[in-house]
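> Here you go, this is query-v8.cif (mmCIF, C-alpha atoms).
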data_protein
loop_
_atom_site.group_PDB
_atom_site.id
_atom_site.type_symbol
_atom_site.label_atom_id
_atom_site.label_comp_id
_atom_site.auth_asym_id
_atom_site.auth_seq_id
_atom_site.Cartn_x
_atom_site.Cartn_y
_atom_site.Cartn_z
ATOM 1 C CA MET A 1 -67.254 276.331 120.863
ATOM 2 C CA THR A 2 -70.221 274.057 120.116
ATOM 3 C CA GLY A 3 -71.569 276.576 117.608
ATOM 4 C CA ILE A 4 -68.272 276.656 115.727
ATOM 5 C CA LEU A 5 -68.108 272.853 115.638
ATOM 6 C CA LEU A 6 -71.687 272.471 114.387
ATOM 7 C CA ARG A 7 -71.395 275.213 111.746
ATOM 8 C CA SER A 8 -68.121 273.811 110.510
ATOM 9 C CA LEU A 9 -69.502 270.290 110.312
ATOM 10 C CA ALA A 10 -72.621 271.455 108.457
ATOM 11 C CA VAL A 11 -70.600 273.433 105.898
ATOM 12 C CA THR A 12 -68.115 270.581 105.515
ATOM 13 C CA LEU A 13 -70.863 268.018 104.931
ATOM 14 C CA LEU A 14 -72.517 270.238 102.318
ATOM 15 C CA ILE A 15 -69.309 271.126 100.460
ATOM 16 C CA GLU A 16 -67.797 267.653 100.563
ATOM 17 C CA THR A 17 -71.062 266.028 99.464
ATOM 18 C CA LEU A 18 -71.190 268.318 96.433
ATOM 19 C CA ALA A 19 -67.508 267.701 95.714
ATOM 20 C CA ALA A 20 -67.987 263.932 96.077
ATOM 21 C CA LEU A 21 -70.834 264.052 93.575
ATOM 22 C CA LEU A 22 -68.637 266.001 91.144
ATOM 23 C CA LEU A 23 -65.898 263.378 91.593
ATOM 24 C CA GLY A 24 -68.325 260.613 90.668
ATOM 25 C CA LEU A 25 -68.993 259.273 94.159
ATOM 26 C CA ARG A 26 -72.750 259.074 93.627
ATOM 27 C CA ARG A 27 -73.772 255.799 95.223
ATOM 28 C CA ARG A 28 -75.504 255.938 98.565
ATOM 29 C CA HIS A 29 -72.799 253.809 100.185
ATOM 30 C CA ALA A 30 -69.986 256.104 99.007
ATOM 31 C CA LEU A 31 -71.828 259.235 100.156
ATOM 32 C CA THR A 32 -72.528 257.626 103.521
ATOM 33 C CA VAL A 33 -68.804 256.931 103.902
ATOM 34 C CA VAL A 34 -68.057 260.579 103.018
ATOM 35 C CA TRP A 35 -70.516 261.773 105.687
ATOM 36 C CA LEU A 36 -69.252 259.357 108.342
ATOM 37 C CA MET A 37 -65.582 260.090 107.702
ATOM 38 C CA ASN A 38 -66.356 263.787 108.168
ATOM 39 C CA LEU A 39 -68.116 263.059 111.439
ATOM 40 C CA VAL A 40 -64.872 261.393 112.550
ATOM 41 C CA THR A 41 -62.330 263.932 111.259
ATOM 42 C CA ASN A 42 -64.001 267.359 111.242
ATOM 43 C CA PRO A 43 -64.727 267.920 114.963
ATOM 44 C CA PRO A 44 -61.191 267.079 116.200
ATOM 45 C CA VAL A 45 -59.587 269.217 113.480
ATOM 46 C CA VAL A 46 -61.851 272.202 114.158
ATOM 47 C CA PHE A 47 -61.446 271.832 117.928
ATOM 48 C CA ALA A 48 -57.631 271.646 117.745
ATOM 49 C CA VAL A 49 -57.298 274.533 115.309
ATOM 50 C CA THR A 50 -59.780 276.762 117.177
ATOM 51 C CA LEU A 51 -58.120 276.067 120.518
ATOM 52 C CA CYS A 52 -54.677 276.717 119.086
ATOM 53 C CA ARG A 53 -55.801 280.020 117.526
ATOM 54 C CA LYS A 54 -57.120 281.177 120.899
ATOM 55 C CA LEU A 55 -54.275 279.999 123.141
ATOM 56 C CA TRP A 56 -51.174 279.954 120.903
ATOM 57 C CA PRO A 57 -51.934 281.949 117.726
ATOM 58 C CA VAL A 58 -48.325 281.792 116.554
ATOM 59 C CA TYR A 59 -48.631 278.003 116.213
ATOM 60 C CA ALA A 60 -51.973 278.076 114.372
ATOM 61 C CA PRO A 61 -50.591 277.722 110.807
ATOM 62 C CA PRO A 62 -48.452 274.624 111.463
ATOM 63 C CA VAL A 63 -51.150 273.051 113.662
ATOM 64 C CA THR A 64 -53.726 273.685 110.934
ATOM 65 C CA ALA A 65 -51.454 272.142 108.296
ATOM 66 C CA LEU A 66 -50.749 269.094 110.462
ATOM 67 C CA CYS A 67 -54.429 268.598 111.267
ATOM 68 C CA GLU A 68 -55.392 268.846 107.604
ATOM 69 C CA VAL A 69 -52.695 266.352 106.563
ATOM 70 C CA LEU A 70 -53.882 263.935 109.246
ATOM 71 C CA ALA A 71 -57.504 264.387 108.126
ATOM 72 C CA VAL A 72 -56.556 263.669 104.502
ATOM 73 C CA ALA A 73 -54.643 260.557 105.573
ATOM 74 C CA ALA A 74 -57.538 259.292 107.704
ATOM 75 C CA GLU A 75 -60.081 259.958 104.971
ATOM 76 C CA TYR A 76 -57.878 258.293 102.368
ATOM 77 C CA ALA A 77 -57.666 255.203 104.574
ATOM 78 C CA LEU A 78 -61.426 255.162 105.128
ATOM 79 C CA LEU A 79 -62.163 255.596 101.424
ATOM 80 C CA ARG A 80 -59.754 252.780 100.530
ATOM 81 C CA ARG A 81 -61.194 250.493 103.191
ATOM 82 C CA CYS A 82 -64.904 251.211 102.715
ATOM 83 C CA VAL A 83 -65.380 252.227 99.066
ATOM 84 C CA PRO A 84 -64.018 250.249 96.113
ATOM 85 C CA LEU A 85 -61.586 252.917 94.871
ATOM 86 C CA SER A 86 -58.072 252.611 93.516
ATOM 87 C CA ARG A 87 -55.253 254.113 95.565
ATOM 88 C CA ARG A 88 -54.953 257.008 93.159
ATOM 89 C CA ARG A 89 -58.670 257.767 93.045
ATOM 90 C CA ALA A 90 -58.977 257.557 96.849
ATOM 91 C CA ALA A 91 -56.002 259.900 97.234
ATOM 92 C CA VAL A 92 -57.394 262.394 94.727
ATOM 93 C CA ALA A 93 -60.801 262.238 96.411
ATOM 94 C CA ALA A 94 -59.379 262.712 99.922
ATOM 95 C CA VAL A 95 -57.268 265.690 98.865
ATOM 96 C CA ALA A 96 -59.998 267.278 96.720
ATOM 97 C CA LEU A 97 -62.735 266.882 99.335
ATOM 98 C CA ASN A 98 -60.579 268.344 102.089
ATOM 99 C CA LEU A 99 -59.301 271.152 99.902
ATOM 100 C CA ALA A 100 -62.854 272.107 98.929
ATOM 101 C CA SER A 101 -64.079 272.231 102.521
ATOM 102 C CA TYR A 102 -60.914 273.981 103.761
ATOM 103 C CA LEU A 103 -61.269 276.711 101.131
ATOM 104 C CA ALA A 104 -64.970 277.095 101.921
ATOM 105 C CA GLY A 105 -64.072 277.511 105.587
ATOM 106 C CA CYS A 106 -61.445 280.111 104.709
ATOM 107 C CA LEU A 107 -63.953 282.063 102.617
ATOM 108 C CA LEU A 108 -66.612 281.941 105.326
ATOM 109 C CA SER A 109 -64.224 283.055 108.066
ATOM 110 C CA VAL A 110 -63.209 286.239 106.205
#
Will you turn the file into structure tokens for me?


Amino acid sequence: MTGILLRSLAVTLLIETLAALLLGLRRRHALTVVWLMNLVTNPPVVFAVTLCRKLWPVYAPPVTALCEVLAVAAEYALLRRCVPLSRRRAAVAAVALNLASYLAGCLLSV
């Protein structure tokens, strides 16, 4: 399980850093917030989804969706609180960053 968590976190940090740069979040402070918010949200999401896939595979899709929505909400709140972004820009960033890392994870797990 530790290997899955570490690989997922590494890929997420790489993908979301690149996506943040593309979205214009280039200052050191903003990138630090992106890294820290992923340290907070990625491990619980990956743990919950991995555990659900192993124990209750039928519930994996809704659990994955719920975890991703909660991660987006948490990251939106952290971006709003810690980086001077408008509500709209923080929402777009939270959704785009999570979508990028989710799709990367889907591609790597195939």

> Convert the output of the PyMOL selection byres ((chain A and resi 95) around 10) on the shown file into explicit residues, formatted as a ChimeraX atom specification.

/A:68-69,71-73,75-76,89-94,96-100

> Compile the contact shell of A:Cys67 as a JSON list (two decimals) with C-alpha atoms, in the coordinates of the input: residues with an atom at most 10 Å away, counting all atoms listed in the file, same-chain residues fewer than 5 positions apart removed.


[["chain", "number", "residue", "atom", "x", "y", "z"],
["A", 41, "THR", "CA", -62.33, 263.93, 111.26],
["A", 42, "ASN", "CA", -64.00, 267.36, 111.24],
["A", 44, "PRO", "CA", -61.19, 267.08, 116.20],
["A", 45, "VAL", "CA", -59.59, 269.22, 113.48],
["A", 46, "VAL", "CA", -61.85, 272.20, 114.16],
["A", 48, "ALA", "CA", -57.63, 271.65, 117.74],
["A", 49, "VAL", "CA", -57.30, 274.53, 115.31],
["A", 61, "PRO", "CA", -50.59, 277.72, 110.81],
["A", 62, "PRO", "CA", -48.45, 274.62, 111.46],
["A", 72, "VAL", "CA", -56.56, 263.67, 104.50],
["A", 73, "ALA", "CA", -54.64, 260.56, 105.57]]

> Residues picked by the PyMOL selection byres ((chain A and resi 16) around 9) here, as a PyMOL selection string?

chain A and resi 11-15+17-21+34-35+38+96-98+100-101

> For the atom pair atom CA of A:Arg87 and atom CA of A:Phe47, what is the interatomic distance in Å to one decimal place?

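So the two atoms, atom CA of A:Arg87 and atom CA of A:Phe47, lie 29.2 Å apart.
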
> Give me, please, the distance in Å between atom CA of A:Leu5 and atom CA of A:Leu85, quoted to one decimal.

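Computing it gives 29.5 Å between the two atoms.
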
> In file coordinates, which residues lie within 7 Å of (-60.6, 258.0, 109.6) using all atoms listed in the file, given as an mmCIF file with C-alpha atoms, in the coordinates of the input?


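Dumped everything to part08.cif:
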data_model
loop_
_atom_site.group_PDB
_atom_site.id
_atom_site.type_symbol
_atom_site.label_atom_id
_atom_site.label_comp_id
_atom_site.auth_asym_id
_atom_site.auth_seq_id
_atom_site.Cartn_x
_atom_site.Cartn_y
_atom_site.Cartn_z
ATOM 1 C CA MET A 37 -65.582 260.090 107.702
ATOM 2 C CA VAL A 40 -64.872 261.393 112.550
ATOM 3 C CA THR A 41 -62.330 263.932 111.259
ATOM 4 C CA ALA A 74 -57.538 259.292 107.704
ATOM 5 C CA GLU A 75 -60.081 259.958 104.971
ATOM 6 C CA ALA A 77 -57.666 255.203 104.574
ATOM 7 C CA LEU A 78 -61.426 255.162 105.128
#

> Between A:Cys82, A:Tyr102, A:Pro57, A:Val63, which residue has the minimum interatomic distance to A:Leu36, considering only C-alpha atoms?

A:Cys82

> In Å, with one decimal, what is the gap from atom CA of A:Gly24 to atom CA of A:Pro84?

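For atom CA of A:Gly24 relative to atom CA of A:Pro84, the distance reads 12.5 Å.
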
> Give me the box for stretch 92-101 of chain A as AutoDock Vina command-line options, namely the centre and edge lengths in Å to one decimal of a box along x, y and z that holds every listed atom plus 8 Å on each side.


--center_x -60.7 --center_y 267.2 --center_z 98.6 --size_x 22.8 --size_y 26.0 --size_z 23.8

> Return the single residue from A:Thr50, A:Ser109, A:Thr64, A:Thr32 that is closest to A:Val83, with distances computed using all atoms listed in the file.

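Of all the options, A:Thr32 lies closest to A:Val83.
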